[in-house]
Every structure is written in C-alpha cells, then in structure tokens.
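Enquirer: Mind having a look at this structure? Questions to follow.
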Amino acid sequence: MIRRAAFVLALGALAGCGQSATQAPAPAVELYAMDCGRVAFPDVAIFADDHSVDGQARELVVPCYLIRHPDGDLIWDTGFPDAIAAMPRGRMDIPEMGAAVVMPTTLVSQLAQLNLTPADIEFFSFSHSHTDHSGNANLFAATSTWIVDPDERAYMFRDEARADAQSFGLYNALETVTPRLIEGEGDYDVFGDGAVTIIQAPGHTPGHTVLLVRLPNAGAVLLTGDMYHLAESRERRLVPTFNVDRAQTLAAQEKVERIAAETDALVIRQHVQEDFDALPRFPEALN
C-alpha cells in the first residue's frame, strides 16, 4: 500500500494450479480477519493519480487474514511488523509523509488466541510485498510454504529493494526458501478443491494478487489486496500514483470485477474500515 521508500527511514531500529475460480467450496472453511495495524494519512493524494482526493485525510486499516481449511491453514497478508506494537504507545511516525502507524496488538498474539503459533501455519502468501502486507513475513519463512508470483519474487529481490535495508530485512529470510510459484497467467488453487484461489492481478506491483475464498455458508469472498485503497477507489477505478503499471492496474480491476460478478462475491477493499468491520470481529470467523 505505502511506498517502500517512505518506510525505510521510519522503520529505523526495526531490524496445483490453473484451476477454475468457479468450483464448489470445500466444507469447513473459515475466514478470520485480524487487525495488523492502522495508518493515518493527513493527505491521501498518492492513492489517486487523477488528483481527486488531494488534501483529504484518511485512516486506513491494515488487516491480516487466516483461512482455515481441512487440509491446512493459510495466512494471507502479514501486516505491519509486530515490533511496532512494542514501541511507545504502539506507534511509529512517518515524518516524511506526515503519517503515523498504530499497532495495538500483534499478529502473533492474535494467532495465540486460536492456540496457534507461526510454526503451525502450513501456507502463507501476500497480495504483494509492500511493508504493510509483508511486515511479518520472516515469522513464517522457516516452517510455512510460501506461495508467490514469480514476478513479485523478482521484484522483492531486485537491487533497488535490497538497498532499502530495513524494509528488505522484514522479509529477507524468504530468499533462501523454496516457494511454490504461481506459474503462467492462471489462478492458483491452494488446496486443489476450488475453496481458496490466488488470482493474478498485477499493476500495483508486478506480481500483485487477490484471494478468492469460497465459504460453505457465506459464499464467495474476494480479498483484494491493494486493488482499492479508499472507499471510493473501487467505484471510480482510482489508480495510485506509485503503481508500477497503470494499464495493468485498470485491466486487473476489470478482471477482479468480472470474477466478483461471476461468483457473486463479497468484495473486501482491504484497507477500508467499513469492509473490515463487516467481517466477524476476531476471534470469530466467517464460514
């Protein structure tokens, strides 16, 4: 969500596939929404290159998701690094943006409410590698299977990313693991039954993805990563100024909307508070 460069200074001391998205759901799948930070912006101009939100202040929620499936658990997006919660008032200021991150609790402590540790999680993936989505990635590097688009992996380990030492240090342990790669242009069916599908939607970053979860009672849910940052971003097809490819972004938005219509999915704009609040309050689950 937030430009990597903005976080380098602020972090300071912080150290298969190709299955259709229309298959029937597996039984007993549950979706948990966890609070992995909030970030307040005095000006959200960077989230619309048409200047339509210039000068507006907003607070964005940063969620992490746990999907529980009979064949294993998947963490989708790992939020801001848990180390922020240990800072005074659980707050990290970003002076160059005038923004502030607040993290009242940690991902690890929320997992503990379900009697889980990072080592218990079989799979993890994130929509893309920006800090507010990959901040706790190293917690899962040693014991969980990482699922990633090859283009995103290459983007994460390019020279420019390595030069941002603090941000790179939040996920650098992933470089030595053997991931499951999302090859080609198709979807990735995590459990092979159509219940949890990673869908390629590049443009924000080269390997940005969204997640389609089919729940037995609630039906289809689309977790859209950074496809839409603000409440109005979806309706107005806003494109952030820092996306790597504008045309790809617009094409990905059309793809996501087509899938949402085909599956009658609940679309979650991940950084929008009202969408986060529409999901059961953790540790309750949507099923």
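Ordering of the structure tokens sets the chain letters (A, B, ...); residue numbers start at 1 within each chain; ligands are numbered from 1 in the order shown.
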Write out as an MDAnalysis selection string each polymer residue whose atoms come within 8 Å of Val239 in chain A, counting only C-alpha atoms; drop sequence neighbours fewer than 5 positions from it.
Expert: chainID A and resid 47:50 233 246 249:250
Enquirer: Using backbone DSSP assignments, extract all strand (DSSP E or B) residues from range 72-268 of chain A; output them as number ranges by chain.
Expert: A: 72-76, 91-94, 99-102, 123-125, 145-148, 180-181, 188-189, 196-200, 209-215, 219-223, 266-268
Enquirer: Let's have the selection written as a PDB file, in the first residue's frame, with C-alpha atoms.
Expert:
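Result written to out_34.pdb:
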ATOM      1  CA  GLY A  72      -4.149 -26.724   6.379  1.00  0.00           C
ATOM      2  CA  ASP A  73      -4.057 -23.075   7.406  1.00  0.00           C
ATOM      3  CA  LEU A  74      -3.179 -20.162   5.116  1.00  0.00           C
ATOM      4  CA  ILE A  75      -2.078 -16.698   6.239  1.00  0.00           C
ATOM      5  CA  TRP A  76      -2.957 -14.074   3.643  1.00  0.00           C
ATOM      6  CA  ARG A  91       3.028   3.960  17.372  1.00  0.00           C
ATOM      7  CA  MET A  92       5.527   4.622  14.598  1.00  0.00           C
ATOM      8  CA  ASP A  93       5.621   8.060  12.964  1.00  0.00           C
ATOM      9  CA  ILE A  94       6.480   8.554   9.294  1.00  0.00           C
ATOM     10  CA  ALA A  99       1.597   9.795   8.633  1.00  0.00           C
ATOM     11  CA  ALA A 100       1.527   7.544  11.678  1.00  0.00           C
ATOM     12  CA  VAL A 101       1.171   3.788  12.105  1.00  0.00           C
ATOM     13  CA  VAL A 102      -0.584   2.479  15.213  1.00  0.00           C
ATOM     14  CA  PHE A 123       0.920 -21.890   3.958  1.00  0.00           C
ATOM     15  CA  PHE A 124       1.336 -18.146   3.669  1.00  0.00           C
ATOM     16  CA  SER A 125       1.113 -15.648   0.861  1.00  0.00           C
ATOM     17  CA  THR A 145       5.187 -22.912   2.480  1.00  0.00           C
ATOM     18  CA  TRP A 146       5.381 -19.544   0.743  1.00  0.00           C
ATOM     19  CA  ILE A 147       3.175 -19.147  -2.356  1.00  0.00           C
ATOM     20  CA  VAL A 148       4.237 -16.299  -4.636  1.00  0.00           C
ATOM     21  CA  ARG A 180       5.531 -22.567  -4.595  1.00  0.00           C
ATOM     22  CA  LEU A 181       5.496 -20.384  -7.692  1.00  0.00           C
ATOM     23  CA  TYR A 188      -3.504 -20.933  -8.153  1.00  0.00           C
ATOM     24  CA  ASP A 189      -5.832 -23.353  -6.363  1.00  0.00           C
ATOM     25  CA  VAL A 196      -9.089 -20.929  -1.825  1.00  0.00           C
ATOM     26  CA  THR A 197      -7.749 -19.448  -5.056  1.00  0.00           C
ATOM     27  CA  ILE A 198      -4.950 -16.937  -5.594  1.00  0.00           C
ATOM     28  CA  ILE A 199      -5.683 -14.801  -8.667  1.00  0.00           C
ATOM     29  CA  GLN A 200      -3.073 -12.785 -10.508  1.00  0.00           C
ATOM     30  CA  THR A 209      -2.569 -10.947  -6.459  1.00  0.00           C
ATOM     31  CA  VAL A 210      -6.030 -11.173  -4.899  1.00  0.00           C
ATOM     32  CA  LEU A 211      -7.590 -14.051  -2.982  1.00  0.00           C
ATOM     33  CA  LEU A 212     -10.936 -15.721  -3.654  1.00  0.00           C
ATOM     34  CA  VAL A 213     -12.266 -17.740  -0.709  1.00  0.00           C
ATOM     35  CA  ARG A 214     -15.403 -19.867  -1.085  1.00  0.00           C
ATOM     36  CA  LEU A 215     -17.069 -20.405   2.263  1.00  0.00           C
ATOM     37  CA  GLY A 219     -20.328 -17.917  -0.148  1.00  0.00           C
ATOM     38  CA  ALA A 220     -17.517 -16.278  -2.107  1.00  0.00           C
ATOM     39  CA  VAL A 221     -15.311 -13.560  -0.598  1.00  0.00           C
ATOM     40  CA  LEU A 222     -12.693 -11.595  -2.562  1.00  0.00           C
ATOM     41  CA  LEU A 223      -9.773 -10.143  -0.584  1.00  0.00           C
ATOM     42  CA  LEU A 266     -18.417 -10.161  -1.212  1.00  0.00           C
ATOM     43  CA  VAL A 267     -15.635  -7.768  -2.251  1.00  0.00           C
ATOM     44  CA  ILE A 268     -13.380  -6.666   0.603  1.00  0.00           C
TER      45      ILE A 268
END
Enquirer: Could you make a table, as a Markdown table, of the residues of range 40-143 of chain A that have an atom within 9 Å of an atom of range 225-232 of chain A, each with its nearest atom pair and distance in Å to one decimal, counting only C-alpha atoms, in chain and number order?
Expert:
| residue | atom | partner | partner_atom | distance |
| --- | --- | --- | --- | --- |
| A:Val44 | CA | A:Leu230 | CA | 8.9 |
| A:Phe47 | CA | A:His229 | CA | 6.8 |
| A:Arg58 | CA | A:Leu230 | CA | 8.5 |
| A:Leu60 | CA | A:His229 | CA | 7.8 |
| A:Asp77 | CA | A:Gly225 | CA | 8.2 |
| A:Phe126 | CA | A:Gly225 | CA | 8.1 |
| A:Ser127 | CA | A:Gly225 | CA | 5.3 |
| A:His128 | CA | A:Gly225 | CA | 7.6 |
| A:His133 | CA | A:Gly225 | CA | 8.4 |
Enquirer: Do you know which residues are at most 9 Å from Glu30 in chain A counting only C-alpha atoms, after dropping those on the same chain fewer than 2 positions away, and could you put them as a PyMOL selection string?
Expert: chain A and resi 28+32+66-69+215-216+285-287
Enquirer: Take the residues from that selection and write them out as a PDB file, in the first residue's frame, keeping C-alpha atoms.
Expert:
ATOM      1  CA  ALA A  28     -15.486 -26.430   6.968  1.00  0.00           C
ATOM      2  CA  TYR A  32     -10.589 -14.862  10.228  1.00  0.00           C
ATOM      3  CA  LEU A  66      -6.232 -16.552   8.393  1.00  0.00           C
ATOM      4  CA  ILE A  67      -8.036 -19.089   6.231  1.00  0.00           C
ATOM      5  CA  ARG A  68      -8.597 -22.421   7.960  1.00  0.00           C
ATOM      6  CA  HIS A  69      -9.149 -25.390   5.648  1.00  0.00           C
ATOM      7  CA  LEU A 215     -17.069 -20.405   2.263  1.00  0.00           C
ATOM      8  CA  PRO A 216     -19.731 -23.046   2.864  1.00  0.00           C
ATOM      9  CA  ALA A 285     -14.835 -16.451  11.959  1.00  0.00           C
ATOM     10  CA  LEU A 286     -16.804 -16.101   8.739  1.00  0.00           C
ATOM     11  CA  ASN A 287     -17.747 -19.527   7.421  1.00  0.00           C
TER      12      ASN A 287
END
Enquirer: Rank A:Asp35, A:Asp275, A:Glu160, A:Glu262 by their smallest atom-to-atom distance to Leu111 in chain A, using only C-alpha atoms, and report the top residue only.
Expert: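 Residue with the minimum atom-to-atom distance to Leu111 in chain A: A:Asp35.
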Enquirer: Run DSSP on the backbone of this structure and report the residues of range 158-219 of chain A it assigns to helix (DSSP H, G or I), as JSON, numbers by chain.
Expert: {"A": [159, 160, 161, 162, 163, 165, 166, 167, 168, 172, 173, 174, 175, 176]}
Enquirer: In Å, rounded to a single decimal, give me how far CA of Glu257 in chain A is from CA of Ala33 in chain A.
Expert: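 So the answer is 21.9 Å.
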Enquirer: Per residue of range 93-177 of chain A within 10 Å of range 183-187 of chain A, what are the shortest atom pair and its distance in Å to one decimal, counting only C-alpha atoms, with rows by chain and residue number, as CSV?
Expert:
residue,atom,partner,partner_atom,distance
A:Val148,CA,A:Glu183,CA,9.2
A:Asp149,CA,A:Glu183,CA,7.0
A:Pro150,CA,A:Glu183,CA,7.1
A:Asp151,CA,A:Glu183,CA,9.6
Enquirer: Would you mind reading off the distance between CA of Leu170 in chain A and CA of Phe140 in chain A, one decimal, in Å?
Expert: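 These atoms are spaced 11.3 Å apart.
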Enquirer: Grab the CA of Thr241 in chain A to CA of Ala201 in chain A distance for me, in Å with one decimal place.
Expert: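 One can read the CA of Thr241 in chain A to CA of Ala201 in chain A distance as 17.2 Å.
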Enquirer: Ile259 in chain A: which residues within 10 Å, counting only C-alpha atoms, same-chain residues fewer than 4 positions away excluded, as a list in words?
Expert: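 Within the cut-off, the hits are Ala21, Thr22, Ile199, Leu212, Leu222, Gln253, Glu254, Lys255, Thr263, Asp264 and Ala265 of chain A.
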Enquirer: Would you write out those residues with C-alpha atoms, as a tab-separated table (two decimals), in the first residue's frame?
Expert:
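Written output follows (part.tsv):
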chain	number	residue	atom	x	y	z
A	21	ALA	CA	-12.30	-19.92	-9.68
A	22	THR	CA	-15.87	-21.17	-10.13
A	199	ILE	CA	-5.68	-14.80	-8.67
A	212	LEU	CA	-10.94	-15.72	-3.65
A	222	LEU	CA	-12.69	-11.60	-2.56
A	253	GLN	CA	-9.59	-4.08	-11.81
A	254	GLU	CA	-11.78	-5.22	-14.70
A	255	LYS	CA	-10.70	-8.82	-14.12
A	263	THR	CA	-19.09	-15.67	-8.23
A	264	ASP	CA	-21.45	-13.18	-6.55
A	265	ALA	CA	-18.56	-12.47	-4.18
